[in-house]
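Written out below as structure tokens is the structure these notes cover.
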Amino acid sequence: MTAPIPRDIPDLPAIPRTHALLLSSVPASAVVAPARRRLAAALRLLLAGTAASGVTLAFLLGSPLRVLSHFAIQANILLALVTLLSARRAWTARRPLPAALTGAALLYAMITGLVYHLLLADAATPFSVTGTTTAPTGWHLVATHLLQTVTPVAAVLDWLLLTAPGCMRLRRAATWMLYPVVYLAFSFTRAWLIHPGAPGRYLYPFLDAEAHGYKHALANALLLGLSFYALAVLLVALDHVRPNLISHRAKTGFRLQPPVG
């Protein structure tokens with residue numbers, strides 16, 4: 001005979017917890033050894049050298065203070081520093097620089113190239129970062145195109161071919177606009193400190209308040225600022241839809257099999 005099944009089953013005592021469960025994560029470097037990107041490092045080192053060469057040549061051909069006041073010069077100095085650090089990280093297999101920094105350098109380089117070729121290259125008054133009053137020729141022309149054609153195009157190619165996509169964030173677009181606003185204030189302050197009528201008082205013709213008035217110059221600055229912000233937003237959007245050209249399948253030494261059944 002079997003024993004009768006009791007109607008009420010007594011509660012079992014709780015099992016005391018001897019330790020808390022700890023969450024842990026395994027870094028990718030523990031599974032996949034970091035690899036050096038020698039080609040990316042070499043190309044970025046070349047880009048940094050090109051930007052630095054353009055800046056150095058401009059300093060040798062013009063007044064250093066005047067040359068340094070140009071947006072193109074400042075943007076190329078930033079691009080040279082950022083790409084130099086990026087080259088070092090690619091060579092030593094370290095994590096890439098934050099996209100907020102590399103994106104800012106790329107945006108300012110693009111602004112430099114677009115403003116020159118759309119607004120300044122075919123202007124009635126010749127434009128040159130070295131301060132020549134005639135159309136730039138010889139080394140002056142070389143410096144102009146190094147700073148405002150070669151490095152912007154190379155920076156875009158570096159972004160498309162050597163940088164992983166999807167790293168930029170939309171909230172950074174407004175942050176990137178701080179530098180153009182500060183540069184605008186610097187440009188007007190510099191002009192205010194220079195005697196009226198002096199050559200080179202205003203570095204860019206569309207910001208020349210002496211020739212067009214402050215109302216017209218500020219309207220141009222506002223239109224350019226909105227265009228720059230739209231370019232920054234477009235840059236972030238393209239960063240999230242462009243293909244990943246540097247992806248590769250790493251061998252981890254083991255494979256996960258699908259469950260049976």
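Note on naming: chains are A, B, ... as they come in the structure tokens, residues start from 1 per chain, ligands start from 1 in the order shown.
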Would you give me, as number ranges by chain, the residues in segment 26-206 of chain A that DSSP reads as helix (DSSP H, G or I)?
A: 28-31, 38-61, 64-68, 71-91, 99-120, 138-162, 171-176, 178-193, 205-206
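Excluding segment 128-143 of chain A and any residue on its chain fewer than 5 positions from it, the residues at most 7 Å away by only C-alpha atoms are Gly54, Leu57, Ala58, Leu61, Gly62, Val67 and His70 of chain A.
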Segment 172-175 of chain A environment, 7 Å, only C-alpha atoms, sequence neighbours closer than 5 positions dropped, as a list of chain:residue names
A:Ala100, A:Tyr229, A:Ala232, A:Val233
Find the residues around segment 75-90 of chain A up to 8 Å (only C-alpha atoms counted), leave out those fewer than 3 positions away in its own chain, and share them as a PyMOL selection string.
chain A and resi 36-38+40-45+47-49+51-52+55+71-72+93-97+101-102+105-106+108-109+112+147+151
Could you write out that same residue set with N, CA and C atoms as a tab-separated table (two decimals), in the first residue's frame?
```tsv
chain	number	residue	atom	x	y	z
A	36	ARG	N	47.16	45.94	-35.68
A	36	ARG	CA	47.63	47.24	-36.16
A	36	ARG	C	47.06	47.51	-37.55
A	37	ARG	N	46.73	48.76	-37.79
A	37	ARG	CA	46.25	49.18	-39.11
A	37	ARG	C	47.36	50.04	-39.73
A	38	ARG	N	48.35	49.35	-40.28
A	38	ARG	CA	49.53	50.05	-40.78
A	38	ARG	C	49.21	50.94	-41.97
A	40	ALA	N	46.31	52.40	-42.71
A	40	ALA	CA	45.57	53.57	-42.25
A	40	ALA	C	46.49	54.55	-41.54
A	41	ALA	N	47.43	54.02	-40.75
A	41	ALA	CA	48.37	54.90	-40.06
A	41	ALA	C	49.25	55.66	-41.05
A	42	ALA	N	49.71	54.97	-42.09
A	42	ALA	CA	50.57	55.62	-43.08
A	42	ALA	C	49.81	56.69	-43.85
A	43	LEU	N	48.58	56.40	-44.25
A	43	LEU	CA	47.80	57.38	-45.02
A	43	LEU	C	47.43	58.59	-44.16
A	44	ARG	N	47.12	58.35	-42.90
A	44	ARG	CA	46.79	59.48	-42.03
A	44	ARG	C	48.03	60.31	-41.70
A	45	LEU	N	49.15	59.65	-41.59
A	45	LEU	CA	50.40	60.40	-41.40
A	45	LEU	C	50.69	61.27	-42.63
A	47	LEU	N	48.37	62.51	-44.63
A	47	LEU	CA	47.41	63.61	-44.57
A	47	LEU	C	47.84	64.68	-43.57
A	48	ALA	N	48.30	64.26	-42.40
A	48	ALA	CA	48.78	65.23	-41.41
A	48	ALA	C	49.97	66.01	-41.95
A	49	GLY	N	50.88	65.33	-42.65
A	49	GLY	CA	52.02	66.02	-43.22
A	49	GLY	C	51.62	67.00	-44.31
A	51	ALA	N	48.69	68.65	-44.53
A	51	ALA	CA	48.10	69.82	-43.88
A	51	ALA	C	49.17	70.68	-43.23
A	52	ALA	N	50.13	70.05	-42.56
A	52	ALA	CA	51.21	70.81	-41.92
A	52	ALA	C	52.07	71.52	-42.96
A	55	VAL	N	50.21	74.67	-44.14
A	55	VAL	CA	50.26	75.71	-43.11
A	55	VAL	C	51.65	76.34	-43.05
A	71	PHE	N	40.44	81.11	-41.17
A	71	PHE	CA	39.73	79.90	-40.77
A	71	PHE	C	40.39	78.67	-41.38
A	72	ALA	N	40.83	78.79	-42.64
A	72	ALA	CA	41.44	77.64	-43.32
A	72	ALA	C	42.71	77.18	-42.62
A	93	ALA	N	47.41	49.96	-32.48
A	93	ALA	CA	46.23	49.12	-32.27
A	93	ALA	C	45.42	49.57	-31.07
A	94	ARG	N	45.28	50.87	-30.90
A	94	ARG	CA	44.48	51.40	-29.81
A	94	ARG	C	43.12	51.84	-30.34
A	95	ARG	N	42.21	52.12	-29.41
A	95	ARG	CA	40.86	52.54	-29.79
A	95	ARG	C	40.93	53.86	-30.55
A	96	PRO	N	40.10	54.02	-31.61
A	96	PRO	CA	40.13	55.29	-32.37
A	96	PRO	C	39.74	56.48	-31.51
A	97	LEU	N	40.10	57.66	-31.98
A	97	LEU	CA	39.73	58.90	-31.30
A	97	LEU	C	38.21	59.05	-31.28
A	101	LEU	N	35.53	64.45	-31.91
A	101	LEU	CA	36.73	65.19	-32.28
A	101	LEU	C	37.05	65.02	-33.75
A	102	THR	N	37.05	63.79	-34.24
A	102	THR	CA	37.35	63.57	-35.66
A	102	THR	C	36.27	64.16	-36.55
A	105	ALA	N	36.94	67.97	-36.87
A	105	ALA	CA	38.04	68.24	-37.81
A	105	ALA	C	37.60	68.03	-39.25
A	106	LEU	N	36.81	66.98	-39.50
A	106	LEU	CA	36.31	66.73	-40.85
A	106	LEU	C	35.37	67.83	-41.30
A	108	TYR	N	35.15	71.01	-40.32
A	108	TYR	CA	35.83	72.28	-40.57
A	108	TYR	C	36.67	72.22	-41.85
A	109	ALA	N	37.23	71.05	-42.15
A	109	ALA	CA	37.96	70.90	-43.41
A	109	ALA	C	37.01	71.00	-44.59
A	112	THR	N	36.04	74.59	-45.10
A	112	THR	CA	37.14	75.30	-45.75
A	112	THR	C	37.11	75.11	-47.26
A	147	LEU	N	45.77	73.79	-48.85
A	147	LEU	CA	44.95	74.05	-47.68
A	147	LEU	C	43.46	73.91	-47.95
A	151	THR	N	43.66	68.94	-48.79
A	151	THR	CA	43.37	68.39	-47.46
A	151	THR	C	41.87	68.17	-47.21
```
What is the distance between atom CA of Gly213 of chain A and atom CA of Ala121 of chain A, in Å to one decimal?
22.9 Å
Taking 5 positions as the minimum chain separation for residues in the same chain, which residues sit within 10 Å of Leu160 of chain A when counting only C-alpha atoms? Answer as a PDB file with all heavy atoms, in the first residue's frame.
```pdb
ATOM      1  N   ALA A 154      41.121  64.913 -49.047  1.00  0.00           N
ATOM      2  CA  ALA A 154      41.770  63.793 -48.359  1.00  0.00           C
ATOM      3  C   ALA A 154      41.067  63.469 -47.048  1.00  0.00           C
ATOM      4  O   ALA A 154      40.954  62.291 -46.670  1.00  0.00           O
ATOM      5  CB  ALA A 154      43.237  64.124 -48.111  1.00  0.00           C
ATOM      6  N   ALA A 155      40.591  64.484 -46.343  1.00  0.00           N
ATOM      7  CA  ALA A 155      39.875  64.243 -45.086  1.00  0.00           C
ATOM      8  C   ALA A 155      38.569  63.491 -45.336  1.00  0.00           C
ATOM      9  O   ALA A 155      38.194  62.590 -44.567  1.00  0.00           O
ATOM     10  CB  ALA A 155      39.594  65.573 -44.387  1.00  0.00           C
ATOM     11  N   PRO A 165      31.718  53.422 -39.742  1.00  0.00           N
ATOM     12  CA  PRO A 165      30.526  54.270 -39.771  1.00  0.00           C
ATOM     13  C   PRO A 165      29.714  54.164 -38.484  1.00  0.00           C
ATOM     14  O   PRO A 165      29.950  53.304 -37.634  1.00  0.00           O
ATOM     15  CB  PRO A 165      29.741  53.706 -40.963  1.00  0.00           C
ATOM     16  CG  PRO A 165      30.115  52.258 -40.981  1.00  0.00           C
ATOM     17  CD  PRO A 165      31.552  52.197 -40.537  1.00  0.00           C
ATOM     18  N   LEU A 238      24.768  60.809 -43.111  1.00  0.00           N
ATOM     19  CA  LEU A 238      25.523  59.976 -44.041  1.00  0.00           C
ATOM     20  C   LEU A 238      26.415  58.988 -43.309  1.00  0.00           C
ATOM     21  O   LEU A 238      26.669  57.885 -43.800  1.00  0.00           O
ATOM     22  CB  LEU A 238      26.367  60.855 -44.966  1.00  0.00           C
ATOM     23  CG  LEU A 238      25.602  61.702 -45.979  1.00  0.00           C
ATOM     24  CD1 LEU A 238      26.560  62.575 -46.776  1.00  0.00           C
ATOM     25  CD2 LEU A 238      24.784  60.826 -46.918  1.00  0.00           C
ATOM     26  N   ASP A 239      26.906  59.382 -42.134  1.00  0.00           N
ATOM     27  CA  ASP A 239      27.769  58.488 -41.365  1.00  0.00           C
ATOM     28  C   ASP A 239      27.019  57.240 -40.917  1.00  0.00           C
ATOM     29  O   ASP A 239      27.642  56.196 -40.696  1.00  0.00           O
ATOM     30  CB  ASP A 239      28.332  59.229 -40.151  1.00  0.00           C
ATOM     31  CG  ASP A 239      29.365  58.406 -39.403  1.00  0.00           C
ATOM     32  OD1 ASP A 239      30.402  58.078 -39.997  1.00  0.00           O
ATOM     33  OD2 ASP A 239      29.127  58.088 -38.213  1.00  0.00           O
ATOM     34  N   ARG A 242      26.253  55.048 -44.612  1.00  0.00           N
ATOM     35  CA  ARG A 242      27.328  54.622 -45.520  1.00  0.00           C
ATOM     36  C   ARG A 242      27.803  53.223 -45.160  1.00  0.00           C
ATOM     37  O   ARG A 242      27.703  52.788 -44.008  1.00  0.00           O
ATOM     38  CB  ARG A 242      28.499  55.606 -45.457  1.00  0.00           C
ATOM     39  CG  ARG A 242      29.212  55.676 -44.118  1.00  0.00           C
ATOM     40  CD  ARG A 242      30.249  56.791 -44.112  1.00  0.00           C
ATOM     41  NE  ARG A 242      30.921  56.898 -42.828  1.00  0.00           N
ATOM     42  CZ  ARG A 242      32.065  56.280 -42.545  1.00  0.00           C
ATOM     43  NH1 ARG A 242      32.645  55.524 -43.453  1.00  0.00           N
ATOM     44  NH2 ARG A 242      32.640  56.425 -41.364  1.00  0.00           N
ATOM     45  N   PRO A 243      28.318  52.481 -46.120  1.00  0.00           N
ATOM     46  CA  PRO A 243      28.789  51.111 -45.834  1.00  0.00           C
ATOM     47  C   PRO A 243      30.068  51.104 -45.023  1.00  0.00           C
ATOM     48  O   PRO A 243      30.841  52.071 -45.040  1.00  0.00           O
ATOM     49  CB  PRO A 243      29.012  50.526 -47.237  1.00  0.00           C
ATOM     50  CG  PRO A 243      29.305  51.719 -48.098  1.00  0.00           C
ATOM     51  CD  PRO A 243      28.454  52.828 -47.550  1.00  0.00           C
ATOM     52  N   ASN A 244      30.265  50.000 -44.332  1.00  0.00           N
ATOM     53  CA  ASN A 244      31.475  49.810 -43.542  1.00  0.00           C
ATOM     54  C   ASN A 244      32.526  49.133 -44.417  1.00  0.00           C
ATOM     55  O   ASN A 244      32.426  47.955 -44.729  1.00  0.00           O
ATOM     56  CB  ASN A 244      31.170  48.964 -42.306  1.00  0.00           C
ATOM     57  CG  ASN A 244      32.341  48.916 -41.339  1.00  0.00           C
ATOM     58  OD1 ASN A 244      33.422  49.423 -41.631  1.00  0.00           O
ATOM     59  ND2 ASN A 244      32.135  48.321 -40.185  1.00  0.00           N
ATOM     60  N   LEU A 245      33.529  49.889 -44.822  1.00  0.00           N
ATOM     61  CA  LEU A 245      34.559  49.373 -45.729  1.00  0.00           C
ATOM     62  C   LEU A 245      35.769  48.803 -45.004  1.00  0.00           C
ATOM     63  O   LEU A 245      36.687  48.303 -45.661  1.00  0.00           O
ATOM     64  CB  LEU A 245      35.017  50.483 -46.681  1.00  0.00           C
ATOM     65  CG  LEU A 245      33.923  51.081 -47.567  1.00  0.00           C
ATOM     66  CD1 LEU A 245      34.499  52.171 -48.460  1.00  0.00           C
ATOM     67  CD2 LEU A 245      33.244  50.012 -48.400  1.00  0.00           C
ATOM     68  N   ILE A 246      35.780  48.896 -43.679  1.00  0.00           N
ATOM     69  CA  ILE A 246      36.943  48.376 -42.946  1.00  0.00           C
ATOM     70  C   ILE A 246      36.569  47.175 -42.092  1.00  0.00           C
ATOM     71  O   ILE A 246      37.375  46.703 -41.299  1.00  0.00           O
ATOM     72  CB  ILE A 246      37.562  49.458 -42.047  1.00  0.00           C
ATOM     73  CG1 ILE A 246      36.574  49.888 -40.958  1.00  0.00           C
ATOM     74  CG2 ILE A 246      38.001  50.641 -42.856  1.00  0.00           C
ATOM     75  CD1 ILE A 246      37.205  50.796 -39.923  1.00  0.00           C
TER      76      ILE A 246
END
```
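What separates atom CA of Val181 of chain A from atom CA of Thr163 of chain A is a distance of 27.7 Å.
Interatomic distance, atom CA of Asp158 of chain A against atom CA of Thr56 of chain A: 22.1 Å.
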Ranking A:Gly103, A:Leu224, A:Glu210, A:Leu146 by minimum distance to Leu118 of chain A and counting only C-alpha atoms, which one comes first?
A:Leu224
